[in-house]
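Everything below belongs to protein.pdb, which stores PDB, C-alpha atoms, pLDDT in the B column.
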```pdb
ATOM      1  CA  MET A   1       0.000   0.000   0.000  1.00 65.00           C
ATOM      2  CA  LYS A   2       2.799   2.431   0.939  1.00 70.00           C
ATOM      3  CA  GLU A   3       4.689   1.547  -2.237  1.00 73.00           C
ATOM      4  CA  ALA A   4       1.642   2.381  -4.348  1.00 71.00           C
ATOM      5  CA  LYS A   5       1.314   5.755  -2.588  1.00 72.00           C
ATOM      6  CA  LEU A   6       5.050   6.430  -3.065  1.00 71.00           C
ATOM      7  CA  ASN A   7       4.838   5.513  -6.770  1.00 78.00           C
ATOM      8  CA  ARG A   8       1.775   7.696  -7.171  1.00 80.00           C
ATOM      9  CA  THR A   9       3.503  10.567  -5.347  1.00 83.00           C
ATOM     10  CA  SER A  10       6.667  10.292  -7.474  1.00 82.00           C
ATOM     11  CA  GLU A  11       4.538  10.096 -10.618  1.00 85.00           C
ATOM     12  CA  LEU A  12       2.698  13.259  -9.629  1.00 83.00           C
ATOM     13  CA  GLN A  13       5.973  15.017  -8.859  1.00 86.00           C
ATOM     14  CA  ASN A  14       7.336  14.043 -12.288  1.00 87.00           C
ATOM     15  CA  ARG A  15       4.215  15.368 -13.983  1.00 87.00           C
ATOM     16  CA  LYS A  16       4.420  18.569 -11.952  1.00 88.00           C
ATOM     17  CA  SER A  17       8.080  19.117 -12.856  1.00 89.00           C
ATOM     18  CA  LYS A  18       7.375  18.490 -16.570  1.00 89.00           C
ATOM     19  CA  LEU A  19       4.456  20.885 -16.418  1.00 87.00           C
ATOM     20  CA  ASP A  20       6.646  23.487 -14.706  1.00 88.00           C
ATOM     21  CA  GLU A  21       9.268  23.117 -17.445  1.00 91.00           C
ATOM     22  CA  LYS A  22       6.662  23.565 -20.174  1.00 90.00           C
ATOM     23  CA  LEU A  23       5.205  26.614 -18.463  1.00 87.00           C
ATOM     24  CA  GLU A  24       8.678  28.085 -18.056  1.00 91.00           C
ATOM     25  CA  LYS A  25       9.324  27.653 -21.786  1.00 90.00           C
ATOM     26  CA  ILE A  26       6.008  29.306 -22.614  1.00 89.00           C
ATOM     27  CA  VAL A  27       6.773  32.237 -20.317  1.00 87.00           C
ATOM     28  CA  LYS A  28      10.240  32.644 -21.872  1.00 88.00           C
ATOM     29  CA  ASN A  29       8.747  32.641 -25.382  1.00 86.00           C
ATOM     30  CA  ILE A  30       6.170  35.242 -24.405  1.00 84.00           C
ATOM     31  CA  GLU A  31       8.848  37.405 -22.768  1.00 86.00           C
ATOM     32  CA  SER A  32      11.106  37.194 -25.814  1.00 82.00           C
ATOM     33  CA  GLU A  33       8.174  38.108 -28.087  1.00 81.00           C
ATOM     34  CA  ARG A  34       7.407  41.094 -25.872  1.00 83.00           C
ATOM     35  CA  LYS A  35      11.043  42.215 -26.006  1.00 82.00           C
ATOM     36  CA  VAL A  36      11.016  41.991 -29.795  1.00 76.00           C
ATOM     37  CA  ASP A  37       7.673  43.794 -29.893  1.00 75.00           C
ATOM     38  CA  GLU A  38       8.976  46.569 -27.618  1.00 81.00           C
ATOM     39  CA  SER A  39      12.197  46.958 -29.603  1.00 81.00           C
ATOM     40  CA  VAL A  40      10.201  47.231 -32.837  1.00 80.00           C
ATOM     41  CA  LYS A  41       7.971  49.880 -31.262  1.00 81.00           C
ATOM     42  CA  THR A  42      11.037  51.756 -29.989  1.00 84.00           C
ATOM     43  CA  ASP A  43      12.956  51.639 -33.274  1.00 86.00           C
ATOM     44  CA  PHE A  44       9.920  52.189 -35.494  1.00 84.00           C
ATOM     45  CA  PRO A  45       7.301  54.181 -33.538  1.00 86.00           C
ATOM     46  CA  PHE A  46       4.629  53.961 -36.256  1.00 83.00           C
ATOM     47  CA  THR A  47       4.330  50.222 -35.524  1.00 83.00           C
ATOM     48  CA  ALA A  48       2.502  51.061 -32.291  1.00 83.00           C
ATOM     49  CA  LEU A  49      -0.512  51.698 -34.539  1.00 84.00           C
ATOM     50  CA  LEU A  50      -0.344  48.161 -35.956  1.00 84.00           C
ATOM     51  CA  SER A  51      -1.868  45.054 -34.441  1.00 84.00           C
ATOM     52  CA  GLU A  52       0.317  42.640 -32.522  1.00 83.00           C
ATOM     53  CA  SER A  53       0.379  40.119 -35.375  1.00 85.00           C
ATOM     54  CA  GLN A  54       1.286  42.857 -37.865  1.00 86.00           C
ATOM     55  CA  ARG A  55       4.134  43.967 -35.589  1.00 84.00           C
ATOM     56  CA  ARG A  56       5.384  40.359 -35.479  1.00 84.00           C
ATOM     57  CA  ASP A  57       5.287  40.255 -39.290  1.00 86.00           C
ATOM     58  CA  PHE A  58       7.120  43.573 -39.412  1.00 83.00           C
ATOM     59  CA  ALA A  59       9.742  42.278 -36.951  1.00 84.00           C
ATOM     60  CA  ASP A  60      10.406  39.344 -39.306  1.00 85.00           C
ATOM     61  CA  LEU A  61      11.408  41.692 -42.143  1.00 83.00           C
ATOM     62  CA  SER A  62      15.051  42.377 -42.868  1.00 83.00           C
ATOM     63  CA  LEU A  63      16.497  45.586 -41.456  1.00 83.00           C
ATOM     64  CA  THR A  64      16.792  47.019 -44.970  1.00 85.00           C
ATOM     65  CA  ASP A  65      13.099  46.396 -45.660  1.00 86.00           C
ATOM     66  CA  LYS A  66      12.134  47.855 -42.278  1.00 85.00           C
ATOM     67  CA  LYS A  67      14.052  51.023 -43.082  1.00 87.00           C
ATOM     68  CA  LYS A  68      12.412  51.274 -46.521  1.00 87.00           C
ATOM     69  CA  VAL A  69       8.962  50.939 -44.943  1.00 86.00           C
ATOM     70  CA  ALA A  70       9.859  53.558 -42.312  1.00 87.00           C
ATOM     71  CA  GLN A  71      10.981  55.973 -45.033  1.00 89.00           C
ATOM     72  CA  GLU A  72       7.750  55.437 -46.952  1.00 87.00           C
ATOM     73  CA  VAL A  73       5.641  56.030 -43.832  1.00 85.00           C
ATOM     74  CA  LYS A  74       7.689  59.160 -43.130  1.00 87.00           C
ATOM     75  CA  LYS A  75       6.940  60.436 -46.656  1.00 88.00           C
ATOM     76  CA  ASN A  76       3.224  59.672 -46.245  1.00 85.00           C
ATOM     77  CA  PRO A  77       2.375  60.321 -42.577  1.00 84.00           C
ATOM     78  CA  THR A  78      -0.727  58.509 -41.371  1.00 81.00           C
ATOM     79  CA  THR A  79      -2.312  57.140 -38.215  1.00 83.00           C
ATOM     80  CA  ASP A  80      -4.337  54.473 -40.009  1.00 85.00           C
ATOM     81  CA  ALA A  81      -3.049  50.914 -39.592  1.00 84.00           C
ATOM     82  CA  HIS A  82      -4.538  49.829 -42.939  1.00 86.00           C
ATOM     83  CA  THR A  83      -2.732  52.635 -44.760  1.00 86.00           C
ATOM     84  CA  ILE A  84       0.550  51.724 -43.062  1.00 85.00           C
ATOM     85  CA  LYS A  85       0.059  48.090 -44.065  1.00 87.00           C
ATOM     86  CA  ALA A  86      -0.677  49.155 -47.668  1.00 87.00           C
ATOM     87  CA  LEU A  87       2.459  51.327 -47.760  1.00 86.00           C
ATOM     88  CA  TRP A  88       4.456  48.443 -46.323  1.00 83.00           C
ATOM     89  CA  GLU A  89       3.186  45.974 -48.923  1.00 88.00           C
ATOM     90  CA  ASN A  90       3.801  48.488 -51.705  1.00 87.00           C
ATOM     91  CA  VAL A  91       7.426  48.996 -50.612  1.00 85.00           C
ATOM     92  CA  LEU A  92       8.039  45.238 -50.473  1.00 83.00           C
ATOM     93  CA  ALA A  93       6.478  44.774 -53.914  1.00 84.00           C
ATOM     94  CA  LYS A  94       8.737  47.491 -55.334  1.00 82.00           C
ATOM     95  CA  SER A  95      11.757  45.804 -53.716  1.00 77.00           C
ATOM     96  CA  ALA A  96      10.837  42.484 -55.316  1.00 73.00           C
ATOM     97  CA  VAL A  97      10.493  44.112 -58.742  1.00 73.00           C
ATOM     98  CA  GLU A  98      13.851  45.858 -58.345  1.00 74.00           C
ATOM     99  CA  ALA A  99      15.504  42.608 -57.298  1.00 67.00           C
ATOM    100  CA  ALA A 100      14.001  40.834 -60.314  1.00 65.00           C
ATOM    101  CA  LYS A 101      15.380  43.549 -62.624  1.00 71.00           C
ATOM    102  CA  ASP A 102      18.871  43.015 -61.212  1.00 73.00           C
ATOM    103  CA  THR A 103      18.793  39.236 -61.766  1.00 79.00           C
ATOM    104  CA  PRO A 104      19.554  38.197 -65.351  1.00 85.00           C
ATOM    105  CA  LEU A 105      16.902  36.065 -67.076  1.00 83.00           C
ATOM    106  CA  TRP A 106      19.248  33.091 -67.454  1.00 85.00           C
ATOM    107  CA  LYS A 107      19.454  32.947 -63.637  1.00 85.00           C
ATOM    108  CA  SER A 108      15.859  33.760 -62.740  1.00 81.00           C
ATOM    109  CA  ALA A 109      14.414  31.240 -65.222  1.00 84.00           C
ATOM    110  CA  ALA A 110      16.970  28.524 -64.501  1.00 86.00           C
ATOM    111  CA  PRO A 111      15.700  25.073 -63.538  1.00 87.00           C
ATOM    112  CA  LYS A 112      15.799  24.677 -59.749  1.00 85.00           C
ATOM    113  CA  GLU A 113      18.201  21.722 -59.692  1.00 87.00           C
ATOM    114  CA  TYR A 114      20.749  23.650 -61.764  1.00 86.00           C
ATOM    115  CA  MET A 115      20.331  26.823 -59.724  1.00 85.00           C
ATOM    116  CA  ASP A 116      20.918  24.859 -56.509  1.00 84.00           C
ATOM    117  CA  MET A 117      24.079  23.383 -57.987  1.00 85.00           C
ATOM    118  CA  PHE A 118      25.161  26.797 -59.266  1.00 86.00           C
ATOM    119  CA  GLU A 119      24.769  28.325 -55.795  1.00 86.00           C
ATOM    120  CA  GLY A 120      26.815  25.481 -54.301  1.00 83.00           C
ATOM    121  CA  SER A 121      29.583  25.585 -56.900  1.00 83.00           C
ATOM    122  CA  THR A 122      32.997  27.179 -56.548  1.00 85.00           C
ATOM    123  CA  VAL A 123      33.717  30.807 -57.381  1.00 86.00           C
ATOM    124  CA  THR A 124      35.649  29.709 -60.461  1.00 87.00           C
ATOM    125  CA  GLN A 125      32.763  27.598 -61.756  1.00 87.00           C
ATOM    126  CA  LYS A 126      30.319  30.446 -61.161  1.00 87.00           C
ATOM    127  CA  ALA A 127      32.572  32.908 -62.982  1.00 88.00           C
ATOM    128  CA  SER A 128      32.944  30.485 -65.875  1.00 88.00           C
ATOM    129  CA  ILE A 129      29.175  30.000 -66.207  1.00 88.00           C
ATOM    130  CA  GLU A 130      28.518  33.751 -65.905  1.00 88.00           C
ATOM    131  CA  ALA A 131      31.137  34.504 -68.590  1.00 88.00           C
ATOM    132  CA  ARG A 132      29.633  31.825 -70.836  1.00 89.00           C
ATOM    133  CA  ALA A 133      26.155  33.348 -70.382  1.00 87.00           C
ATOM    134  CA  GLU A 134      27.393  36.648 -71.802  1.00 88.00           C
ATOM    135  CA  PHE A 135      28.113  34.993 -75.163  1.00 86.00           C
ATOM    136  CA  TYR A 136      24.649  33.561 -75.682  1.00 86.00           C
ATOM    137  CA  ASP A 137      21.285  35.090 -76.502  1.00 86.00           C
ATOM    138  CA  LEU A 138      19.256  33.597 -73.643  1.00 85.00           C
ATOM    139  CA  LYS A 139      15.724  34.897 -74.051  1.00 85.00           C
ATOM    140  CA  THR A 140      13.500  31.831 -74.270  1.00 87.00           C
ATOM    141  CA  GLN A 141      12.987  29.047 -71.749  1.00 87.00           C
ATOM    142  CA  TYR A 142      14.316  26.524 -74.280  1.00 87.00           C
ATOM    143  CA  GLN A 143      17.541  28.520 -74.733  1.00 87.00           C
ATOM    144  CA  ILE A 144      17.968  28.858 -70.976  1.00 86.00           C
ATOM    145  CA  GLU A 145      17.373  25.160 -70.288  1.00 88.00           C
ATOM    146  CA  ASN A 146      19.783  24.195 -73.059  1.00 87.00           C
ATOM    147  CA  PHE A 147      22.364  26.592 -71.637  1.00 88.00           C
ATOM    148  CA  TRP A 148      22.105  24.967 -68.193  1.00 87.00           C
ATOM    149  CA  GLN A 149      22.148  21.438 -69.630  1.00 87.00           C
ATOM    150  CA  THR A 150      25.412  22.222 -71.392  1.00 86.00           C
ATOM    151  CA  SER A 151      26.866  24.209 -68.485  1.00 84.00           C
ATOM    152  CA  GLY A 152      28.922  21.338 -67.116  1.00 80.00           C
ATOM    153  CA  LEU A 153      26.810  21.082 -63.965  1.00 78.00           C
ATOM    154  CA  ASN A 154      25.275  17.631 -63.669  1.00 72.00           C
ATOM    155  CA  PRO A 155      22.258  17.426 -61.345  1.00 62.00           C
ATOM    156  CA  LYS A 156      21.980  13.647 -61.697  1.00 63.00           C
ATOM    157  CA  GLY A 157      25.439  12.880 -60.326  1.00 53.00           C
ATOM    158  CA  THR A 158      28.464  11.489 -62.064  1.00 48.00           C
ATOM    159  CA  LYS A 159      28.090   8.703 -64.570  1.00 49.00           C
ATOM    160  CA  THR A 160      30.482   5.868 -65.264  1.00 49.00           C
ATOM    161  CA  SER A 161      31.743   5.638 -68.791  1.00 53.00           C
ATOM    162  CA  LEU A 162      32.586   2.415 -70.556  1.00 52.00           C
ATOM    163  CA  ASN A 163      36.219   3.548 -70.889  1.00 56.00           C
ATOM    164  CA  GLU A 164      36.664   3.268 -67.113  1.00 53.00           C
ATOM    165  CA  VAL A 165      36.211  -0.500 -67.380  1.00 48.00           C
ATOM    166  CA  PHE A 166      39.224  -0.761 -69.661  1.00 53.00           C
ATOM    167  CA  THR A 167      41.440   1.246 -67.308  1.00 62.00           C
ATOM    168  CA  ALA A 168      41.155  -1.415 -64.581  1.00 61.00           C
ATOM    169  CA  LYS A 169      44.416  -2.739 -63.210  1.00 63.00           C
ATOM    170  CA  ASN A 170      43.400  -6.406 -63.198  1.00 68.00           C
ATOM    171  CA  PRO A 171      40.660  -8.625 -64.690  1.00 70.00           C
ATOM    172  CA  LYS A 172      38.701  -8.899 -61.423  1.00 74.00           C
ATOM    173  CA  GLU A 173      38.528  -5.128 -61.127  1.00 75.00           C
ATOM    174  CA  ALA A 174      37.453  -4.859 -64.777  1.00 73.00           C
ATOM    175  CA  ASP A 175      34.696  -7.435 -64.182  1.00 76.00           C
ATOM    176  CA  ALA A 176      33.502  -5.590 -61.069  1.00 81.00           C
ATOM    177  CA  LYS A 177      33.429  -2.288 -62.917  1.00 78.00           C
ATOM    178  CA  MET A 178      31.639  -3.837 -65.880  1.00 79.00           C
ATOM    179  CA  ASN A 179      29.046  -5.469 -63.600  1.00 82.00           C
ATOM    180  CA  SER A 180      28.338  -2.204 -61.783  1.00 82.00           C
ATOM    181  CA  TYR A 181      28.114  -0.362 -65.100  1.00 82.00           C
ATOM    182  CA  VAL A 182      25.663  -2.893 -66.548  1.00 82.00           C
ATOM    183  CA  ALA A 183      23.636  -2.770 -63.311  1.00 84.00           C
ATOM    184  CA  SER A 184      23.430   1.032 -63.531  1.00 83.00           C
ATOM    185  CA  ILE A 185      22.216   0.763 -67.139  1.00 84.00           C
ATOM    186  CA  GLY A 186      19.605  -1.753 -65.986  1.00 82.00           C
ATOM    187  CA  GLN A 187      18.414   0.686 -63.315  1.00 82.00           C
ATOM    188  CA  GLN A 188      18.124   3.478 -65.832  1.00 80.00           C
ATOM    189  CA  MET A 189      16.247   1.237 -68.260  1.00 82.00           C
ATOM    190  CA  SER A 190      13.829   0.122 -65.538  1.00 80.00           C
ATOM    191  CA  LYS A 191      12.497   3.671 -65.470  1.00 74.00           C
ATOM    192  CA  TRP A 192      11.016   3.050 -68.906  1.00 73.00           C
ATOM    193  CA  ASP A 193       9.065  -0.071 -67.903  1.00 65.00           C
TER     194      ASP A 193
END
```

Will you turn the file into C-alpha cells for me?
Amino acid sequence: MKEAKLNRTSELQNRKSKLDEKLEKIVKNIESERKVDESVKTDFPFTALLSESQRRDFADLSLTDKKKVAQEVKKNPTTDAHTIKALWENVLAKSAVEAAKDTPLWKSAAPKEYMDMFEGSTVTQKASIEARAEFYDLKTQYQIENFWQTSGLNPKGTKTSLNEVFTAKNPKEADAKMNSYVASIGQQMSKWD
C-alpha cells in the first residue's frame, strides 16, 4: 500500500516538474516576443498603430526592408493601420520588382536543380558560367534550359563511362566495374518499364 502511494507521489511530482518546465518555456517565449515587440515599437514608432500580429510580421522583415517601410511612412504620414500596411506591402512589392530587374533572365528562369548546384559551386565555376552566359542570346525558356544542360553542372550525379572499365588494373577489377556499369544501365532502363 505504501509503495503504491510512493509511486503515485513520485509520478505526480514528475508530472508537476514536466508541467513546470513547459510553463517556463512558454513564459520565456512570451517574454522574448514582448522584447522583440517593444524593440520594434522603440525603433519604429509607427508600428505602435499596428496590431500585434502585424508587428510580429514587421519584426520578421530584414532591417533594410524595415528602413524602406519607415521611409515610406515618413513620406506619407498617417495614423491608419490599414494605410501603413498598404504602404508596407507596396514597398516590399517594389523591392521584389527591383531585385528581379537586377537578376539576369538566365538565372531567374533557370531550372531549380541547376540553380541549386550553381549556388553550391565554386567561385571559379560560377565565374565560368557567368562569362559563358554573356556569349549567348538567352531569351526563351528553351535557350535557358539548353544553356544549363550544357553548363557542365550535372544534377543527376556522375556517370560511369565504358572507358573506365578498360582502365582497370586487373581482370577482377574490370569485371567488377563492368558489372556495376551494366547494373546502372539496368536501373536506368527500368524507369522506362

Next item on the list: Using the chain letters and numbering of this document, enumerate as an NGL selection string the residues selected by the PyMOL selection byres ((chain A and resi 50-66) around 12).
Entry: :A and (32-49 or 67-73 or 78-96)

Margin query: When the PyMOL selection byres ((chain A and resi 139-142) around 9) is applied to the structure above, which residues does it catch, written out as a list in words?
Written below: Leu105, Trp106, Ala109, Ala110, Asp137, Leu138, Gln143, Ile144, Glu145, Asn146 and Phe147 of chain A

Next item on the list: Quick one: pull the distance between atom CA of A:Asn154 and atom CA of A:Ser121, Å, one decimal.
Entry: 11.3 Å

Check: If the PyMOL selection byres ((chain A and resi 133) around 10) is run on the structure shown, which residues does it catch, given as a ChimeraX atom specification?
Finding: /A:104,106-107,127-132,134-138,144,147-148,151

Checklist line | For atom CA of A:Trp192 and atom CA of A:Pro111, the interatomic separation in Å (one decimal) | finding: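 Rounded to one decimal, the two atoms are 23.1 Å apart.
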
Note to self: As an exercise, work out the distance from atom CA of A:Leu19 to atom CA of A:Lys5 in Å and give it to one decimal place.
What the structure shows: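 Separating atom CA of A:Leu19 from atom CA of A:Lys5 is a distance of 20.7 Å.
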